[in-house]
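Written out below as structure tokens is the structure these notes cover.
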Amino acid sequence: MERTYIKDLGKSEGQEVVIKGWVDVRRDQGKLVFFDFRDMSGKVQGVILPNQTEAHEVAKDVRPEWVLEVRGKVNKRPEKNVQADKQNGDIELEILGIKVLASAKELPFSSDADLNLDTLLDYRPLTLRRDREQNIFRAQNVIMQAYREYLDRQGFTEFQAPRIVGDDAEGGAGIFKIEYLYGHPAYLSTSPQLYKQMMTGVFERVYTTGPQFRAEKHATSRHLNELTMLDFEMAFVNDHTDVMKMISGTLRHIALTLQEKAKNELAYFKVEATMAPEIFPSMKLREAQELIKKETGKDCTNEPDLEPEDERWLCEYANKNLNSDFIIITHYPTSKRPFYTMDDPEDPGFTKSFDVLFRGVEIVSGSQRVHEYEMLIEKMKSKGLDPEKFSFYLMAFKYGLAPHGGIGLGLERLTEKFLGIENVKEATLFPRDINRIDSLLSK
RNA sequence: GCGGGUGUAGCUCAGCUGGUUAGAGCGUUCCCCUGUCACGGGAAAGGCCGUGGGUUCGAGUCCCAUCACUCGCGCCA
């Protein structure tokens, strides 16, 4: 008999079916034994009635996480046993036969309680089976789909950036060195930046997604050493505000798609609907600093950047006063931004750059880029970089690249903030951090 | 790298100012249970109280060191 998915059982009322899945919960009452079964599509209760002696015999040993093939009849539940708020709460499976596909040891943690982060990650292949974790990564999947969907509609082309690179693209971030063939040094990429810029000369509008690597000894709840970056880059922009419009539209589309396609996941985390206006409110860094000084008395007007505390404050402010959970801060000083960032001729010393802050944390960094060959070489030199090392990249500029700009977005941070969870590692399937690659490095 | 917090049963935690044999809930094992749905009831097993040293008649508790995890800062997405 063909397998029926649990979510479809309601359509088979009165019929005999076969389901395949895991035991979620067992409730043994002696003559009556109840199980909750789980498959990729949902959960359902099964019951073994007293006359099913054969099934009773098999069920004696069956425990949570055992993998079963269950033959049964789909029955409407008696009125008083209906669980209106549950999936399949109006039906149950009367179990006629059980075939054990795999037995299982008992889980080393409780499947519904709050777990400490190290427990959560020590048993990652198993904790991912929990409702909570499934909800996180189903929502993350919706975010990815919505990101692609929006940019596809805007005429972007997706491409795959290489992860093995010949030199450090930006000079700043820590970079993992690897040994390439014949002992040549190579590196894991920290960003697809240079490649997506080159690709604007091919497709004009491009995006790419995937892992990027940062060799920094972070010990925070918002950093990973391997993260998933969503990047896009677009040609023929007038300035950075065109990029700001595009990222606003993208994030708004993601927020709306989540509310539509990840309703249950959002409900599980009890998060308020995200306020995502069509164009996110924005202000210059110095304006933000003045605002903070005026409203809180804290003087950071001489700082070249915002502290995490300031970012949290600005997000609170945008939430309360600007009807937005997102706020864009523009015009970071030239000294704080990478060489490919365009200076603003109308605001010397500052750049056509921006960060998008979301619920207290930076999730996006973007700018208009330098597209003129000579200017780019000058910028490299002023940052102490050797243009010789970038000749491959510079080739694209020497032979004509359109004015362009783009962004980089951290998928895990975005997921974390949309769901209101505490640590970015919880929004990462298999996080790599300062002391863990699957198992603890200290062990 | 710097600063804070934590480390007690498989998991999540309690253990007050030091004082008999270290506790709870969940989980596990066994028994009972015909309508449960985080089922319920009964019983049991399970701990070098992170590690080393010290103070004390006596240390899970106080002190020092060390290790681990975790949070914050730096840097960034």
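Letters for chains follow the order of the structure tokens (A, B, ...), residue numbers begin at 1 for each chain, and ligand numbers begin at 1 in the order shown.
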
Report task. Check the DSSP output for the backbone and give back, as a PyMOL selection string, the residues of segment 236-361 of chain A in strand (DSSP E or B). Result -> chain A and resi 282-284+326-330+333+341+343+350-351+353-358+361

Requested in this report: Identify, on the basis of only C-alpha atoms (C1' of nucleotides), every residue whose closest approach to U70 of chain B does not exceed 12 Å; exclude the query and any residue fewer than 5 positions from it along the same chain; express the result as a PyMOL selection string.
Outcome: (chain A and resi 116-119+219-221+423+435) or (chain B and resi 4-7)

Any chance you can output those residues with C-alpha atoms (C1' of nucleotides) as a PDB file, in the first residue's frame?
```pdb
ATOM      1  CA  ASN A 116      21.410  25.404  27.211  1.00  0.00           C
ATOM      2  CA  LEU A 117      23.274  26.429  24.078  1.00  0.00           C
ATOM      3  CA  ASP A 118      26.026  23.848  24.505  1.00  0.00           C
ATOM      4  CA  THR A 119      23.494  21.033  24.953  1.00  0.00           C
ATOM      5  CA  ALA A 219      32.713  35.435  21.554  1.00  0.00           C
ATOM      6  CA  THR A 220      29.300  37.016  21.101  1.00  0.00           C
ATOM      7  CA  SER A 221      25.735  35.956  20.402  1.00  0.00           C
ATOM      8  CA  ASN A 423      21.644  33.732  19.678  1.00  0.00           C
ATOM      9  CA  ASN A 435      35.227  26.754  20.161  1.00  0.00           C
TER      10      ASN A 435
ATOM     11  C1'   G B   4      31.249  39.731  33.900  1.00  0.00           C
ATOM     12  C1'   G B   5      28.365  35.153  34.883  1.00  0.00           C
ATOM     13  C1'   U B   6      27.977  29.941  35.352  1.00  0.00           C
ATOM     14  C1'   G B   7      29.780  24.751  36.286  1.00  0.00           C
TER      15        G B   7
END
```

Nearby residues (only C-alpha atoms (C1' of nucleotides)) at most 12 Å from Lys298 of chain A, same-chain spacing under 4 positions excluded, as an mmCIF file with C-alpha atoms, in the first residue's frame:
```cif
data_model
loop_
_atom_site.group_PDB
_atom_site.id
_atom_site.type_symbol
_atom_site.label_atom_id
_atom_site.label_comp_id
_atom_site.auth_asym_id
_atom_site.auth_seq_id
_atom_site.Cartn_x
_atom_site.Cartn_y
_atom_site.Cartn_z
ATOM 1 C CA ALA A 288 22.072 59.617 14.357
ATOM 2 C CA GLN A 289 24.806 60.589 16.792
ATOM 3 C CA GLU A 290 23.272 64.017 17.327
ATOM 4 C CA LEU A 291 19.911 62.384 17.927
ATOM 5 C CA ILE A 292 21.380 60.053 20.517
ATOM 6 C CA LYS A 293 23.099 62.974 22.217
ATOM 7 C CA LYS A 294 19.931 65.043 22.261
ATOM 8 C CA ASN A 302 33.244 62.217 17.672
ATOM 9 C CA GLU A 303 33.178 58.452 17.123
ATOM 10 C CA LEU A 306 28.162 53.286 16.259
ATOM 11 C CA GLU A 307 28.518 51.035 19.277
ATOM 12 C CA GLU A 309 24.408 49.978 22.417
ATOM 13 C CA ASP A 310 23.746 52.894 20.015
ATOM 14 C CA TRP A 313 18.835 52.503 20.847
#
```

Report task. Could you give me, as a ChimeraX atom specification, the residues within 9 Å of Ile95 of chain A, counting only C-alpha atoms (C1' of nucleotides) and dropping anything in the same chain fewer than 5 positions from it? Result -> /A:46-49,52,55,70-74

Could you write out that same residue set with N, CA and C atoms as a compact mmCIF listing (two decimals), in the first residue's frame?
```
# COMPACT_ATOMS: atom_id res chain seq x y z
N GLY A 46 -2.13 8.10 17.16
CA GLY A 46 -2.55 6.74 16.85
C GLY A 46 -2.98 6.06 18.13
N VAL A 47 -3.90 5.11 18.01
CA VAL A 47 -4.35 4.39 19.20
C VAL A 47 -4.40 2.89 18.89
N ILE A 48 -3.93 2.10 19.87
CA ILE A 48 -4.08 0.65 19.74
C ILE A 48 -5.22 0.22 20.65
N LEU A 49 -6.25 -0.32 20.06
CA LEU A 49 -7.41 -0.77 20.84
C LEU A 49 -7.09 -2.15 21.46
N GLN A 52 -6.42 -5.52 19.52
CA GLN A 52 -5.29 -5.66 18.57
C GLN A 52 -4.08 -6.28 19.28
N ALA A 55 -0.54 -5.99 17.50
CA ALA A 55 0.02 -4.64 17.56
C ALA A 55 0.47 -4.31 18.99
N VAL A 70 3.33 2.20 9.89
CA VAL A 70 2.10 1.86 10.62
C VAL A 70 0.93 1.72 9.66
N ARG A 71 0.27 0.59 9.77
CA ARG A 71 -0.95 0.36 9.01
C ARG A 71 -2.12 0.65 9.94
N GLY A 72 -3.09 1.42 9.47
CA GLY A 72 -4.19 1.75 10.36
C GLY A 72 -5.40 2.29 9.63
N LYS A 73 -6.46 2.50 10.38
CA LYS A 73 -7.69 3.03 9.81
C LYS A 73 -7.90 4.44 10.36
N VAL A 74 -8.22 5.37 9.45
CA VAL A 74 -8.43 6.75 9.86
C VAL A 74 -9.85 6.90 10.39
```

Query raised in the report: Given a cut-off of 6 Å, which residues of chain B touch chain A, counting only C-alpha atoms (C1' of nucleotides), written out as number ranges by chain?
Result: B: 10-11, 33-34, 77

Query raised in the report: How would you write, as a list in words, the set of residues in segment 20-76 of chain A that DSSP gives as helix (DSSP H, G or I)?
Result: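 Reading the DSSP output for segment 20-76 of chain A, helix (DSSP H, G or I) covers Thr53, Glu54, Ala55, His56, Glu57, Val58 and Ala59 of chain A.
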
Limited to C-alpha atoms, could you put the picked residues into a file as a PDB file, in the first residue's frame?
```pdb
ATOM      1  CA  THR A  53      -3.149  -8.186  20.433  1.00  0.00           C
ATOM      2  CA  GLU A  54      -0.503  -8.408  17.733  1.00  0.00           C
ATOM      3  CA  ALA A  55       0.024  -4.640  17.560  1.00  0.00           C
ATOM      4  CA  HIS A  56       0.060  -4.530  21.373  1.00  0.00           C
ATOM      5  CA  GLU A  57       2.850  -7.063  21.437  1.00  0.00           C
ATOM      6  CA  VAL A  58       5.016  -4.992  19.035  1.00  0.00           C
ATOM      7  CA  ALA A  59       4.117  -1.707  20.746  1.00  0.00           C
TER       8      ALA A  59
END
```

Requested in this report: Show which residues sit within 10 Å of U56 of chain B, as an NGL selection string. Count only C-alpha atoms (C1' of nucleotides), and ignore same-chain residues fewer than 3 positions away.
Outcome: :B and (18 or 59 or 62)

For the selection just defined, write its residues with N, CA and C atoms (P, O5', C5', C4', C3', O3' and C1' of nucleotides) to a file, as a CSV table (one decimal), in the first residue's frame.
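Now in out_16.csv:
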```
chain,number,residue,atom,x,y,z
B,18,G,P,28.5,30.2,56.6
B,18,G,O5',28.0,29.4,55.3
B,18,G,C5',27.3,28.3,55.0
B,18,G,C4',28.0,27.0,55.1
B,18,G,C3',27.4,26.1,56.2
B,18,G,O3',27.1,24.9,55.7
B,18,G,C1',29.8,26.1,56.3
B,59,A,P,35.6,19.2,55.1
B,59,A,O5',34.3,20.2,54.8
B,59,A,C5',33.0,19.7,54.5
B,59,A,C4',32.5,20.4,53.3
B,59,A,C3',33.2,20.1,52.0
B,59,A,O3',32.3,20.2,50.9
B,59,A,C1',33.4,22.4,52.5
B,62,C,P,30.5,30.0,48.5
B,62,C,O5',31.7,30.3,49.5
B,62,C,C5',31.5,31.3,50.6
B,62,C,C4',32.9,31.5,51.2
B,62,C,C3',34.1,31.6,50.3
B,62,C,O3',34.2,32.9,49.7
B,62,C,C1',34.6,30.2,52.1
```

Query raised in the report: Could you state the separation of atom CA of Phe354 of chain A and atom CA of Tyr340 of chain A in Å, given to one decimal place?
Result: 13.5 Å

**Report entry** segment 134-140 of chain A environment, 7 Å, only C-alpha atoms (C1' of nucleotides), sequence neighbours closer than 4 positions dropped, as an MDAnalysis selection string
**Finding:** chainID A and resid 128:130 144 262 265 415 427
